[in-house]
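Here is the structure we will look at, set down as structure tokens.
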Amino acid sequence: MKRIGFLSFGHWQAVPGSLTRTAADAYLQAIELAEAAEEIGIDGAYLRVHHFARQFASPFPLLSAMAARTKTIELGTGVIDMRYENPLYMAEEAAIADLISGGRLQLGVSRGSPETALRGFESFGYVPGEGSTDADDARARTEVFRAAIAGAGVARANPQMTGSTGALAIQPQAPGLADRIWWGSGTRSTATWTAEQGMNLMSSTLLSEDTGVPFHELQAEQIALYREAWAAAGWDREPRVSVSRSILPITNDMDELYFGERADGEGEDQVGYLDGGLARFGKSYIGSPEQIVRELERDTAVQAADTVLVTVPNQLGVDYNTHLLQSIVRDIAPAVGWR
């Protein structure tokens with residue numbers, strides 16, 4: 001059994017063919033898609049977070065709205081760029097969203113990815129300290145956030161108001177949320193660090209390193225190192241591991257129209273430069289359900305993960321993406337052993 005979630009970047013743009021022409025379209029349709037996905041048996045609805053772009057940002061209002069309109073589906077992020085976050089304010093927002101959901105929040109966080117803004121986090125007022133990188137800053141903010149949602153005292157009490165000089169925790173608190181934080185890892189070394197910190201592992205469709213082996217093998221090695229480090233750290237719970245995949249089954253003429261020509265061009269890994277170094281990008285799975293099943297059976301990273309996040313073309317609208325996800329649940333998941 002594997003959990004299957006969808007991952008939406010929340011693109012919107014007023015271009016021909018787009019059904020998300022405005023920000024309102026993108027956000028409202030995300031709520032509708034979460035409802036539809038829950039109804040057809042999808043296990044998770046996840047949001048990618050970007051800033052200074054026509055994509056999802058500041059996810060907690062949307063997550064709360066999705067939570068209020070659903071009952072069982074997991075709701076998460078993949079990922080929140082911690083360079084932009086006030087960790088204590090984020091802890092309050094995350095706790096509220098988790099309480100509204102009844103404990104269904106699964107938060108992926110990380111240092112983030114290349115973006116449209118040049119050091120955009122500094123425009124939010126967050127400048128790394130002397131001798132600290134933005135990656136260091138993201139990890140430090142994550143440490144404060146995780147302590148806050150675990151109930152640590154983070155502010156001195158005002159004795160005139162409380163009769164105490166002790167430390168106050170943020171309110172509200174959401175029991176169990178601290179165990180549902182994932183780190184978006186792009187390398188084998190950061191996967192090991194993630195395990196040492198006691199966070200779940202979230203690995204996407206690219207790795208910011210390349211050893212010459214196929215993407216799925218490199219990602220499977222990353223997962224194996226993570227699990228080894230988790231066991232060595234002695235944590236008392238089972239970790240979760242997710243991988244993201246682009247899965248586009250062609251089952252009707254509309255699927256063929258949208259994606260048929262992409263099957264050949266995106267059926268292999270791609271290697272390129274990202275942030276000044278080599279990176280390997282995973283292939284897309286496009287074709288008949290039977291063809292996709294055969295390819296997924298050979299994907300060693302998918303086999304090693306407990307959760308698969310399927311990236312969706314959100315600009316094609318709720319109805320089409322519901323059809324796409326239903327095809328995966330009906331035609332692919334049982335055949336590949338996920339159901």
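Numbering starts fresh at 1 for the residues of each chain in the structure tokens, the chains themselves are lettered A, B, ... in the order given, and ligands are numbered from 1 as they appear.
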Write out as an MDAnalysis selection string each polymer residue whose atoms come within 7 Å of A:Ser244, counting only C-alpha atoms; drop sequence neighbours fewer than 6 positions from it. chainID A and resid 203:205 308:311
Excluding stretch 2-17 of chain A and any residue of its chain fewer than 5 positions from it, enumerate the residues within 7 Å of it, using only C-alpha atoms, and give them as an MDAnalysis selection string. chainID A and resid 22:23 26 42:48 54:56 306:312 314:315 338:339
List every residue of stretch 5-210 of chain A that DSSP, applied to the backbone of this structure, assigns to strand (DSSP E or B), and report them as a VMD selection string. chain A and resid 5 to 8 44 to 47 74 to 81 105 to 110 155 to 156 167 to 168 181 to 184 200 to 203 206 to 207
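Among the candidates A:Ala24, A:Leu278, A:Val318, A:Ile250, the residue lying nearest to A:Ile332 is A:Ile250 (atoms considered: only C-alpha atoms).
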Show which residues sit within 8 Å of A:Leu201, as a ChimeraX atom specification. Count only C-alpha atoms, and ignore same-chain residues fewer than 6 positions away. /A:182-185,191,194-195,226,239-242
Could you take the residues named above and write them with all heavy atoms, as an mmCIF file, in the first residue's frame?
data_model
loop_
_atom_site.group_PDB
_atom_site.id
_atom_site.type_symbol
_atom_site.label_atom_id
_atom_site.label_comp_id
_atom_site.auth_asym_id
_atom_site.auth_seq_id
_atom_site.Cartn_x
_atom_site.Cartn_y
_atom_site.Cartn_z
ATOM 1 N N TRP A 182 8.190 17.544 7.301
ATOM 2 C CA TRP A 182 9.041 16.907 6.293
ATOM 3 C C TRP A 182 10.074 17.929 5.812
ATOM 4 O O TRP A 182 9.769 19.110 5.682
ATOM 5 C CB TRP A 182 8.225 16.469 5.086
ATOM 6 C CG TRP A 182 7.013 15.623 5.359
ATOM 7 C CD1 TRP A 182 5.937 15.942 6.152
ATOM 8 C CD2 TRP A 182 6.723 14.339 4.804
ATOM 9 N NE1 TRP A 182 5.010 14.934 6.121
ATOM 10 C CE2 TRP A 182 5.464 13.943 5.298
ATOM 11 C CE3 TRP A 182 7.408 13.506 3.911
ATOM 12 C CZ2 TRP A 182 4.876 12.727 4.943
ATOM 13 C CZ3 TRP A 182 6.828 12.300 3.560
ATOM 14 C CH2 TRP A 182 5.581 11.915 4.077
ATOM 15 N N TRP A 183 11.264 17.450 5.514
ATOM 16 C CA TRP A 183 12.279 18.323 4.919
ATOM 17 C C TRP A 183 12.435 17.954 3.448
ATOM 18 O O TRP A 183 12.630 16.783 3.104
ATOM 19 C CB TRP A 183 13.614 18.182 5.638
ATOM 20 C CG TRP A 183 14.658 19.144 5.138
ATOM 21 C CD1 TRP A 183 15.639 18.903 4.224
ATOM 22 C CD2 TRP A 183 14.820 20.527 5.514
ATOM 23 N NE1 TRP A 183 16.412 20.028 4.003
ATOM 24 C CE2 TRP A 183 15.924 21.044 4.783
ATOM 25 C CE3 TRP A 183 14.149 21.370 6.388
ATOM 26 C CZ2 TRP A 183 16.359 22.359 4.902
ATOM 27 C CZ3 TRP A 183 14.587 22.685 6.512
ATOM 28 C CH2 TRP A 183 15.676 23.171 5.775
ATOM 29 N N GLY A 184 12.338 18.963 2.585
ATOM 30 C CA GLY A 184 12.531 18.746 1.163
ATOM 31 C C GLY A 184 14.016 18.661 0.856
ATOM 32 O O GLY A 184 14.723 19.680 0.876
ATOM 33 N N SER A 185 14.499 17.475 0.563
ATOM 34 C CA SER A 185 15.925 17.231 0.418
ATOM 35 C C SER A 185 16.298 17.031 -1.043
ATOM 36 O O SER A 185 15.659 16.252 -1.751
ATOM 37 C CB SER A 185 16.318 15.987 1.223
ATOM 38 O OG SER A 185 17.648 15.608 0.974
ATOM 39 N N ALA A 191 19.659 14.457 3.013
ATOM 40 C CA ALA A 191 18.755 13.392 3.471
ATOM 41 C C ALA A 191 19.252 12.797 4.783
ATOM 42 O O ALA A 191 18.462 12.536 5.705
ATOM 43 C CB ALA A 191 18.632 12.307 2.405
ATOM 44 N N THR A 194 18.489 15.250 7.451
ATOM 45 C CA THR A 194 17.062 15.230 7.748
ATOM 46 C C THR A 194 16.728 14.124 8.743
ATOM 47 O O THR A 194 15.959 14.335 9.703
ATOM 48 C CB THR A 194 16.257 15.032 6.450
ATOM 49 O OG1 THR A 194 16.550 16.101 5.549
ATOM 50 C CG2 THR A 194 14.764 14.997 6.718
ATOM 51 N N ALA A 195 17.285 12.945 8.526
ATOM 52 C CA ALA A 195 17.048 11.836 9.448
ATOM 53 C C ALA A 195 17.602 12.143 10.831
ATOM 54 O O ALA A 195 16.957 11.856 11.851
ATOM 55 C CB ALA A 195 17.681 10.563 8.895
ATOM 56 N N TYR A 226 18.996 7.858 4.082
ATOM 57 C CA TYR A 226 18.094 8.470 5.058
ATOM 58 C C TYR A 226 17.637 7.428 6.083
ATOM 59 O O TYR A 226 17.678 7.677 7.301
ATOM 60 C CB TYR A 226 16.896 9.076 4.334
ATOM 61 C CG TYR A 226 15.762 9.488 5.245
ATOM 62 C CD1 TYR A 226 15.805 10.691 5.946
ATOM 63 C CD2 TYR A 226 14.651 8.668 5.410
ATOM 64 C CE1 TYR A 226 14.770 11.068 6.785
ATOM 65 C CE2 TYR A 226 13.607 9.038 6.245
ATOM 66 C CZ TYR A 226 13.673 10.233 6.928
ATOM 67 O OH TYR A 226 12.640 10.597 7.767
ATOM 68 N N PRO A 239 9.601 6.632 10.173
ATOM 69 C CA PRO A 239 9.579 7.847 9.358
ATOM 70 C C PRO A 239 8.747 7.635 8.101
ATOM 71 O O PRO A 239 8.473 6.497 7.691
ATOM 72 C CB PRO A 239 11.042 8.056 9.000
ATOM 73 C CG PRO A 239 11.580 6.653 8.892
ATOM 74 C CD PRO A 239 10.854 5.867 9.962
ATOM 75 N N ARG A 240 8.368 8.727 7.480
ATOM 76 C CA ARG A 240 7.703 8.663 6.197
ATOM 77 C C ARG A 240 8.606 9.259 5.122
ATOM 78 O O ARG A 240 9.391 10.172 5.394
ATOM 79 C CB ARG A 240 6.362 9.390 6.239
ATOM 80 C CG ARG A 240 5.303 8.622 7.028
ATOM 81 C CD ARG A 240 3.955 9.287 6.971
ATOM 82 N NE ARG A 240 3.470 9.393 5.593
ATOM 83 C CZ ARG A 240 2.324 9.991 5.264
ATOM 84 N NH1 ARG A 240 1.570 10.545 6.200
ATOM 85 N NH2 ARG A 240 1.938 10.045 3.999
ATOM 86 N N VAL A 241 8.457 8.738 3.906
ATOM 87 C CA VAL A 241 9.262 9.178 2.772
ATOM 88 C C VAL A 241 8.340 9.370 1.574
ATOM 89 O O VAL A 241 7.559 8.472 1.232
ATOM 90 C CB VAL A 241 10.350 8.139 2.418
ATOM 91 C CG1 VAL A 241 11.082 8.553 1.145
ATOM 92 C CG2 VAL A 241 11.327 7.956 3.568
ATOM 93 N N SER A 242 8.427 10.535 0.950
ATOM 94 C CA SER A 242 7.651 10.775 -0.270
ATOM 95 C C SER A 242 8.583 11.094 -1.422
ATOM 96 O O SER A 242 9.662 11.659 -1.235
ATOM 97 C CB SER A 242 6.652 11.927 -0.073
ATOM 98 O OG SER A 242 7.319 13.172 -0.086
#
Which neighbours of A:Ile292 fall inside 8 Å, counting only C-alpha atoms, when residues of the same chain fewer than 6 positions from it are skipped, and could you give them as JSON, numbers by chain? {"A": [247, 249, 285, 286, 332]}
Any chance you could tabulate, as JSON lines, the residues of stretch 169-239 of chain A at most 7 Å from stretch 87-108 of chain A with each one's nearest atom pair and distance in Å to one decimal, using only C-alpha atoms, in chain and rising number order?
{"residue": "A:Ile170", "atom": "CA", "partner": "A:Glu92", "partner_atom": "CA", "distance": 6.6}
{"residue": "A:Gln171", "atom": "CA", "partner": "A:Glu92", "partner_atom": "CA", "distance": 6.3}
{"residue": "A:Pro172", "atom": "CA", "partner": "A:Ala95", "partner_atom": "CA", "distance": 6.2}
{"residue": "A:Gln173", "atom": "CA", "partner": "A:Ala95", "partner_atom": "CA", "distance": 5.7}
{"residue": "A:Ala174", "atom": "CA", "partner": "A:Ala95", "partner_atom": "CA", "distance": 5.0}
{"residue": "A:Arg180", "atom": "CA", "partner": "A:Gln106", "partner_atom": "CA", "distance": 5.1}
{"residue": "A:Ile181", "atom": "CA", "partner": "A:Leu107", "partner_atom": "CA", "distance": 5.0}
{"residue": "A:Trp182", "atom": "CA", "partner": "A:Gly108", "partner_atom": "CA", "distance": 4.4}
{"residue": "A:Trp183", "atom": "CA", "partner": "A:Gly108", "partner_atom": "CA", "distance": 5.6}
{"residue": "A:Gly184", "atom": "CA", "partner": "A:Gly108", "partner_atom": "CA", "distance": 6.2}
{"residue": "A:Met202", "atom": "CA", "partner": "A:Gly108", "partner_atom": "CA", "distance": 6.9}
